[in-house]
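*Asks:* input_16.csv is reproduced below (CSV, C-alpha atoms).
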```csv
chain,number,residue,atom,x,y,z
L,1,MET,CA,61.2,-129.8,-90.4
L,2,ALA,CA,58.8,-129.1,-93.2
L,3,LEU,CA,56.3,-131.6,-92.0
L,4,LYS,CA,53.3,-129.8,-90.4
L,5,ARG,CA,52.4,-130.5,-86.8
L,6,LEU,CA,49.1,-132.3,-86.5
L,7,GLY,CA,46.1,-130.5,-84.8
L,8,ASP,CA,43.7,-132.4,-82.7
L,9,THR,CA,40.5,-131.4,-84.4
L,10,ARG,CA,41.1,-129.8,-87.8
L,11,TRP,CA,41.2,-132.2,-90.7
L,12,SER,CA,43.1,-129.7,-92.8
L,13,SER,CA,46.2,-130.2,-90.5
L,14,HIS,CA,46.0,-133.9,-91.1
L,15,TYR,CA,45.5,-133.4,-94.9
L,16,GLY,CA,48.5,-131.0,-95.0
L,17,THR,CA,50.6,-133.5,-93.2
L,18,LEU,CA,49.7,-136.2,-95.6
L,19,ILE,CA,50.4,-134.0,-98.6
L,20,ASN,CA,53.8,-133.0,-97.2
L,21,LEU,CA,54.5,-136.7,-96.4
L,22,ILE,CA,53.9,-137.5,-100.1
L,23,HIS,CA,56.3,-134.8,-101.3
L,24,LEU,CA,58.9,-135.5,-98.7
L,25,PHE,CA,58.7,-139.3,-98.6
L,26,PRO,CA,62.3,-139.8,-99.9
L,27,SER,CA,63.6,-137.5,-97.2
L,28,VAL,CA,61.5,-139.3,-94.6
L,29,ILE,CA,63.2,-142.6,-95.6
L,30,ASP,CA,66.6,-140.9,-95.3
L,31,VAL,CA,65.8,-139.7,-91.8
L,32,LEU,CA,64.6,-143.2,-90.8
L,33,LYS,CA,67.9,-144.6,-92.2
L,34,TYR,CA,69.9,-142.0,-90.2
L,35,ILE,CA,68.0,-142.9,-87.0
L,36,GLY,CA,68.7,-146.6,-87.6
L,37,GLU,CA,72.4,-146.1,-88.3
L,38,ASN,CA,72.7,-144.0,-85.1
L,39,GLY,CA,71.4,-146.5,-82.7
L,40,ASN,CA,67.7,-145.5,-82.5
L,41,ILE,CA,66.2,-148.4,-84.5
L,42,VAL,CA,63.4,-149.0,-82.0
L,43,ASN,CA,62.4,-145.3,-82.2
L,44,ALA,CA,62.4,-145.6,-86.0
L,45,MET,CA,60.2,-148.7,-85.9
L,46,ASN,CA,57.8,-146.9,-83.6
L,47,LEU,CA,57.7,-143.9,-86.0
L,48,VAL,CA,56.8,-146.3,-88.9
L,49,LYS,CA,54.1,-147.9,-86.7
L,50,VAL,CA,52.6,-144.5,-85.9
L,51,SER,CA,52.7,-143.4,-89.6
L,52,LYS,CA,50.8,-146.5,-90.6
L,53,CYS,CA,48.2,-145.9,-87.9
L,54,ARG,CA,47.7,-142.3,-88.9
L,55,LEU,CA,47.3,-143.2,-92.5
L,56,GLN,CA,44.7,-145.9,-91.6
L,57,VAL,CA,42.8,-143.3,-89.5
L,58,ILE,CA,42.8,-140.9,-92.4
L,59,ARG,CA,41.7,-143.6,-94.9
L,60,GLU,CA,38.8,-144.7,-92.7
L,61,ASN,CA,37.6,-141.4,-91.4
L,62,GLY,CA,39.1,-138.6,-93.5
L,63,TRP,CA,37.0,-138.5,-96.6
L,64,GLU,CA,34.0,-136.7,-95.3
L,65,SER,CA,36.1,-134.0,-93.7
L,66,LEU,CA,38.1,-133.6,-96.8
L,67,LEU,CA,35.0,-133.3,-98.9
L,68,LEU,CA,33.6,-130.7,-96.6
L,69,GLU,CA,36.9,-128.7,-96.9
L,70,VAL,CA,36.7,-128.8,-100.7
L,71,LEU,CA,33.0,-127.7,-100.7
L,72,LYS,CA,33.9,-124.7,-98.4
L,73,PHE,CA,36.7,-123.8,-100.7
L,74,CYS,CA,34.6,-124.0,-103.8
L,75,ASP,CA,31.8,-122.0,-102.2
L,76,LYS,CA,34.3,-119.3,-101.2
L,77,TYR,CA,35.7,-118.9,-104.7
L,78,ASP,CA,32.5,-119.5,-106.6
L,79,ILE,CA,33.7,-122.7,-108.2
L,80,VAL,CA,31.1,-125.0,-109.6
L,81,VAL,CA,30.9,-128.3,-107.7
L,82,LEU,CA,30.2,-131.6,-109.5
L,83,ASP,CA,27.2,-133.6,-108.3
L,84,VAL,CA,28.9,-136.5,-106.6
L,85,GLU,CA,26.0,-138.8,-107.5
L,86,ASN,CA,26.3,-138.2,-111.3
L,87,VAL,CA,28.1,-140.6,-113.6
L,88,TYR,CA,31.7,-139.8,-113.9
L,89,VAL,CA,32.8,-138.9,-117.4
L,90,ALA,CA,36.6,-139.0,-118.2
L,91,ARG,CA,38.0,-136.2,-120.3
L,92,GLY,CA,37.9,-137.1,-124.0
L,93,ARG,CA,35.2,-139.7,-123.6
L,94,SER,CA,31.5,-139.6,-124.2
L,95,ARG,CA,29.1,-140.4,-121.4
L,96,ARG,CA,28.0,-143.5,-123.3
L,97,ARG,CA,31.6,-144.8,-123.4
L,98,SER,CA,32.3,-144.0,-119.8
L,99,GLU,CA,32.5,-146.7,-117.2
L,100,GLU,CA,29.4,-146.8,-114.9
L,101,MET,CA,30.8,-145.1,-111.8
L,102,THR,CA,29.7,-142.0,-109.9
L,103,ASN,CA,31.9,-138.9,-109.4
L,104,LEU,CA,31.9,-139.9,-105.7
L,105,HIS,CA,33.4,-143.3,-106.4
L,106,HIS,CA,35.9,-141.9,-108.8
L,107,TYR,CA,37.4,-139.2,-106.5
L,108,ARG,CA,37.1,-141.2,-103.3
L,109,VAL,CA,38.4,-144.6,-104.5
L,110,GLU,CA,40.6,-143.7,-107.4
L,111,PHE,CA,42.2,-140.6,-105.9
L,112,PHE,CA,41.8,-140.4,-102.1
L,113,TYR,CA,42.1,-144.1,-101.3
L,114,SER,CA,44.7,-144.7,-104.0
L,115,VAL,CA,47.1,-142.0,-102.7
L,116,ILE,CA,46.9,-143.3,-99.1
L,117,ASP,CA,47.3,-147.0,-100.3
L,118,MET,CA,50.4,-146.0,-102.3
L,119,GLN,CA,52.0,-144.6,-99.0
L,120,PHE,CA,51.0,-147.9,-97.2
L,121,GLN,CA,52.6,-149.9,-100.0
L,122,GLU,CA,55.8,-147.8,-99.8
L,123,LEU,CA,56.1,-148.2,-96.0
L,124,ASN,CA,55.4,-151.9,-96.3
L,125,ASN,CA,58.0,-152.4,-99.0
L,126,TRP,CA,60.7,-150.7,-96.8
L,127,PHE,CA,59.6,-152.2,-93.5
L,128,ASP,CA,57.9,-155.5,-94.0
L,129,GLU,CA,57.5,-157.9,-91.0
L,130,VAL,CA,60.8,-159.8,-91.6
L,131,ASN,CA,62.8,-156.6,-92.0
L,132,THR,CA,61.2,-155.1,-88.9
L,133,ASN,CA,62.0,-158.1,-86.8
L,134,TRP,CA,65.6,-158.1,-88.1
L,135,LEU,CA,66.0,-154.4,-87.3
L,136,LEU,CA,64.5,-154.8,-83.8
L,137,CYS,CA,66.8,-157.7,-83.1
L,138,MET,CA,69.8,-155.7,-84.3
L,139,ALA,CA,68.9,-152.9,-82.0
L,140,CYS,CA,69.8,-155.1,-79.1
L,141,LEU,CA,73.5,-154.8,-80.0
L,142,ASP,CA,73.4,-151.0,-79.6
L,143,PRO,CA,76.0,-150.1,-77.0
L,144,LYS,CA,74.2,-146.9,-76.0
L,145,ASP,CA,73.5,-146.3,-72.3
L,146,SER,CA,75.6,-149.3,-71.2
L,147,PHE,CA,73.9,-151.7,-73.6
L,148,SER,CA,70.4,-150.8,-72.1
L,149,ALA,CA,68.7,-152.4,-75.2
L,150,PHE,CA,70.6,-155.7,-74.9
L,151,ASP,CA,68.3,-158.7,-75.1
L,152,THR,CA,69.8,-162.2,-75.3
L,153,SER,CA,66.6,-163.9,-76.6
L,154,LYS,CA,66.2,-161.4,-79.5
L,155,LEU,CA,69.9,-161.8,-80.4
L,156,ILE,CA,69.5,-165.6,-80.5
L,157,GLN,CA,66.5,-165.0,-82.7
L,158,LEU,CA,68.7,-162.8,-85.0
L,159,ALA,CA,71.3,-165.6,-85.2
L,160,LYS,CA,68.6,-168.1,-86.2
L,161,PHE,CA,68.1,-166.1,-89.4
L,162,TYR,CA,71.6,-167.4,-90.4
L,163,PRO,CA,71.4,-171.2,-90.0
L,164,CYS,CA,74.5,-171.6,-92.2
L,165,GLU,CA,76.6,-169.6,-89.7
L,166,PHE,CA,74.9,-170.8,-86.5
L,167,SER,CA,74.3,-174.4,-86.0
L,168,LEU,CA,72.3,-175.7,-83.0
L,169,VAL,CA,75.5,-176.2,-81.1
L,170,ALA,CA,76.8,-172.7,-82.1
L,171,LEU,CA,73.5,-171.2,-80.8
L,172,ILE,CA,74.1,-172.8,-77.4
L,173,LYS,CA,77.6,-171.4,-77.3
L,174,LEU,CA,76.4,-168.0,-78.5
L,175,GLU,CA,73.9,-167.7,-75.6
L,176,TYR,CA,76.7,-168.3,-73.1
L,177,GLN,CA,79.0,-165.8,-75.0
L,178,LEU,CA,76.3,-163.2,-75.0
L,179,GLU,CA,75.8,-163.4,-71.2
L,180,ASN,CA,79.5,-163.0,-70.6
L,181,PHE,CA,79.8,-160.4,-73.4
L,182,VAL,CA,77.3,-157.9,-72.0
L,183,PHE,CA,78.8,-158.3,-68.5
L,184,ASP,CA,82.3,-157.6,-69.8
L,185,MET,CA,81.2,-154.7,-71.9
L,186,ARG,CA,79.4,-153.0,-69.0
L,187,MET,CA,82.5,-153.4,-66.8
L,188,ASP,CA,85.1,-152.2,-69.4
L,189,LYS,CA,85.3,-148.4,-69.4
L,190,LYS,CA,86.8,-148.5,-72.9
L,191,PHE,CA,83.3,-149.3,-74.2
L,192,SER,CA,81.5,-146.6,-72.3
L,193,GLU,CA,81.7,-144.0,-75.0
L,194,VAL,CA,81.3,-146.4,-78.0
L,195,SER,CA,78.6,-145.3,-80.4
L,196,GLY,CA,76.7,-147.5,-82.9
L,197,ILE,CA,77.2,-151.1,-83.9
L,198,GLY,CA,80.0,-150.1,-86.3
L,199,GLY,CA,81.8,-148.4,-83.5
L,200,LEU,CA,81.3,-151.5,-81.3
L,201,ALA,CA,82.9,-153.7,-83.9
L,202,GLU,CA,85.9,-151.4,-84.3
L,203,LYS,CA,86.4,-151.2,-80.5
L,204,MET,CA,86.2,-155.0,-80.2
L,205,VAL,CA,88.9,-155.5,-82.8
L,206,ALA,CA,91.1,-152.8,-81.2
L,207,THR,CA,90.8,-154.5,-77.8
L,208,LYS,CA,91.0,-158.1,-79.1
L,209,LYS,CA,87.5,-158.8,-77.8
L,210,HIS,CA,86.5,-160.2,-81.1
L,211,ILE,CA,88.8,-163.1,-80.3
L,212,ILE,CA,87.3,-163.7,-76.9
L,213,PHE,CA,83.8,-163.5,-78.2
L,214,PRO,CA,84.0,-164.8,-81.8
L,215,LEU,CA,80.3,-165.8,-82.2
L,216,VAL,CA,79.1,-162.4,-80.8
L,217,TYR,CA,81.5,-160.7,-83.2
L,218,LEU,CA,80.2,-162.8,-86.1
L,219,LEU,CA,76.7,-161.7,-85.2
L,220,ILE,CA,77.8,-158.0,-85.2
L,221,LYS,CA,79.4,-158.4,-88.6
L,222,LEU,CA,76.3,-160.0,-90.0
L,223,SER,CA,74.3,-157.1,-88.6
L,224,LEU,CA,76.6,-154.6,-90.3
L,225,ILE,CA,76.3,-156.4,-93.6
L,226,LEU,CA,72.5,-156.4,-93.2
```
Represent the structure of the file as structure tokens.
*Replies:*
Amino acid sequence: MALKRLGDTRWSSHYGTLINLIHLFPSVIDVLKYIGENGNIVNAMNLVKVSKCRLQVIRENGWESLLLEVLKFCDKYDIVVLDVENVYVARGRSRRRSEEMTNLHHYRVEFFYSVIDMQFQELNNWFDEVNTNWLLCMACLDPKDSFSAFDTSKLIQLAKFYPCEFSLVALIKLEYQLENFVFDMRMDKKFSEVSGIGGLAEKMVATKKHIIFPLVYLLIKLSLIL
């Protein structure tokens, strides 16, 4: 709730969102975990994708607007502004010993770009391509809205991540089981109120469905472990 709503034109609203995102990043990750655990993994992945796109836009087009905001602020409060074309001198170092870089390069590359790249790295560490594919495949097991997210091809793809558990023959059997499984689930009223993959596993055991669909149940267990 503390994240600021983005404006369409004002850079300050984007900058404020970025700053809040930096401070609240652990909480953002917790929210994404919660969303995933409660059956909205696809929405969580879309949120990650949007976050990356917004960061990329800020990285490519945000510097000039930020610099303008800073100049306005300095002018308002009579703060001396560094000449961006001058050689940057680090504190405690003489100008001779300083690396040959301008103030512009120092503040844009080593601060502005660096902070945004840190956020990119954090998102990529949590949601790399393999993890994202895993999560999107797992989302197909979500029983919400009468298994509306169910996708046999993606679940077969998920099973292929576990070659020790699913041989080529087992994959063929799994495909048939999945087709019968989703038909059975949608017909059985006992599963109409089930929530989340964990709830699905519990209800399958309670109704002995894990015996009827052993390979599907194995896939569900692997998803829960993951």
*Asks:* Which polymer residues have any atom within 10 Å of an atom of L:Leu218, counting all atoms listed in the file, with same-chain residues fewer than 5 positions away left out, as an NGL selection string?
*Replies:* :L and (159 or 165-166 or 174 or 201 or 210 or 213 or 223-224)
*Asks:* Which is closer to L:Val115 than all the others in L:Ser195, L:Glu202, L:Arg59, L:Glu179, using only C-alpha atoms?
*Replies:* L:Arg59
*Asks:* Considering all atoms listed in the file, can you say which of L:Thr152, L:Leu55, L:Leu68, L:Val81 comes closest to L:Ile22?
*Replies:* L:Leu55
*Asks:* What's the separation between atom CA of L:Arg54 and atom CA of L:Leu135, in Å to one decimal place?
*Replies:*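 So the two atoms, atom CA of L:Arg54 and atom CA of L:Leu135, lie 22.0 Å apart.
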*Asks:* What separation in Å, quoted to one decimal, exists between atom CA of L:Asp83 and atom CA of L:Ser114?
*Replies:*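 Spanning atom CA of L:Asp83 to atom CA of L:Ser114 is a straight-line distance of 21.2 Å.
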*Asks:* For each of L:Val130, L:Val87, L:Leu21, L:Leu178, take the minimum atom-to-atom distance to L:Glu100, counting only C-alpha atoms, then give the residue where this is smallest.
*Replies:*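 Residue with the minimum atom-to-atom distance to L:Glu100: L:Val87.
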*Asks:* Do you have the atom CA of L:Leu171-atom CA of L:Asp128 distance handy?
*Replies:*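 Between atom CA of L:Leu171 and atom CA of L:Asp128 the gap works out to 25.8 Å.
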*Asks:* For L:Met185, which residue out of L:Leu155, L:Cys74, L:Leu222, L:Leu141 is the nearest one, using all atoms listed in the file?
*Replies:*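 Of L:Leu155, L:Cys74, L:Leu222, L:Leu141, the one nearest L:Met185, counting all atoms listed in the file, is L:Leu141.
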*Asks:* Mind listing as a PDB file with C-alpha atoms, in the coordinates of the input all residues within 12 Å of (62.8, -161.4, -77.9), counting all atoms listed in the file?
*Replies:*
```
ATOM      1  CA  ASN L 133      62.000-158.100 -86.800  1.00  0.00           C
ATOM      2  CA  TRP L 134      65.600-158.100 -88.100  1.00  0.00           C
ATOM      3  CA  LEU L 136      64.500-154.800 -83.800  1.00  0.00           C
ATOM      4  CA  CYS L 137      66.800-157.700 -83.100  1.00  0.00           C
ATOM      5  CA  MET L 138      69.800-155.700 -84.300  1.00  0.00           C
ATOM      6  CA  ALA L 139      68.900-152.900 -82.000  1.00  0.00           C
ATOM      7  CA  CYS L 140      69.800-155.100 -79.100  1.00  0.00           C
ATOM      8  CA  ALA L 149      68.700-152.400 -75.200  1.00  0.00           C
ATOM      9  CA  PHE L 150      70.600-155.700 -74.900  1.00  0.00           C
ATOM     10  CA  ASP L 151      68.300-158.700 -75.100  1.00  0.00           C
ATOM     11  CA  THR L 152      69.800-162.200 -75.300  1.00  0.00           C
ATOM     12  CA  SER L 153      66.600-163.900 -76.600  1.00  0.00           C
ATOM     13  CA  LYS L 154      66.200-161.400 -79.500  1.00  0.00           C
ATOM     14  CA  LEU L 155      69.900-161.800 -80.400  1.00  0.00           C
ATOM     15  CA  ILE L 156      69.500-165.600 -80.500  1.00  0.00           C
ATOM     16  CA  GLN L 157      66.500-165.000 -82.700  1.00  0.00           C
ATOM     17  CA  LEU L 158      68.700-162.800 -85.000  1.00  0.00           C
ATOM     18  CA  ALA L 159      71.300-165.600 -85.200  1.00  0.00           C
TER      19      ALA L 159
END
```
*Asks:* Go through L:Asp184, L:Lys189, L:Ser27, L:Phe120 one by one, measure the shortest atom-to-atom distance of each to L:Val50 using only C-alpha atoms, and give the residue with the smallest value.
*Replies:*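 Distance minimum relative to L:Val50 lands on L:Phe120.
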*Asks:* Taking into account only C-alpha atoms, which residue in the set L:Leu104, L:Ala170, L:Asp75, L:Leu18 is nearest to L:Ile116?
*Replies:*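 Of L:Leu104, L:Ala170, L:Asp75, L:Leu18, the one nearest L:Ile116 is L:Leu18, counting only C-alpha atoms.
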*Asks:* Show me the residues close to (79.2, -144.7, -77.1) - anything with an atom within 10 Å, counting only C-alpha atoms - and format the list as an mmCIF file with C-alpha atoms, in the frame of the given file.
*Replies:*
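The resulting file, point-v5.cif, is shown below:
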```cif
data_model
loop_
_atom_site.group_PDB
_atom_site.id
_atom_site.type_symbol
_atom_site.label_atom_id
_atom_site.label_comp_id
_atom_site.auth_asym_id
_atom_site.auth_seq_id
_atom_site.Cartn_x
_atom_site.Cartn_y
_atom_site.Cartn_z
ATOM 1 C CA GLY L 39 71.400 -146.500 -82.700
ATOM 2 C CA ASP L 142 73.400 -151.000 -79.600
ATOM 3 C CA PRO L 143 76.000 -150.100 -77.000
ATOM 4 C CA LYS L 144 74.200 -146.900 -76.000
ATOM 5 C CA ASP L 145 73.500 -146.300 -72.300
ATOM 6 C CA SER L 146 75.600 -149.300 -71.200
ATOM 7 C CA PHE L 147 73.900 -151.700 -73.600
ATOM 8 C CA LYS L 190 86.800 -148.500 -72.900
ATOM 9 C CA PHE L 191 83.300 -149.300 -74.200
ATOM 10 C CA SER L 192 81.500 -146.600 -72.300
ATOM 11 C CA GLU L 193 81.700 -144.000 -75.000
ATOM 12 C CA VAL L 194 81.300 -146.400 -78.000
ATOM 13 C CA SER L 195 78.600 -145.300 -80.400
ATOM 14 C CA GLY L 196 76.700 -147.500 -82.900
ATOM 15 C CA ILE L 197 77.200 -151.100 -83.900
ATOM 16 C CA GLY L 199 81.800 -148.400 -83.500
ATOM 17 C CA LEU L 200 81.300 -151.500 -81.300
#
```
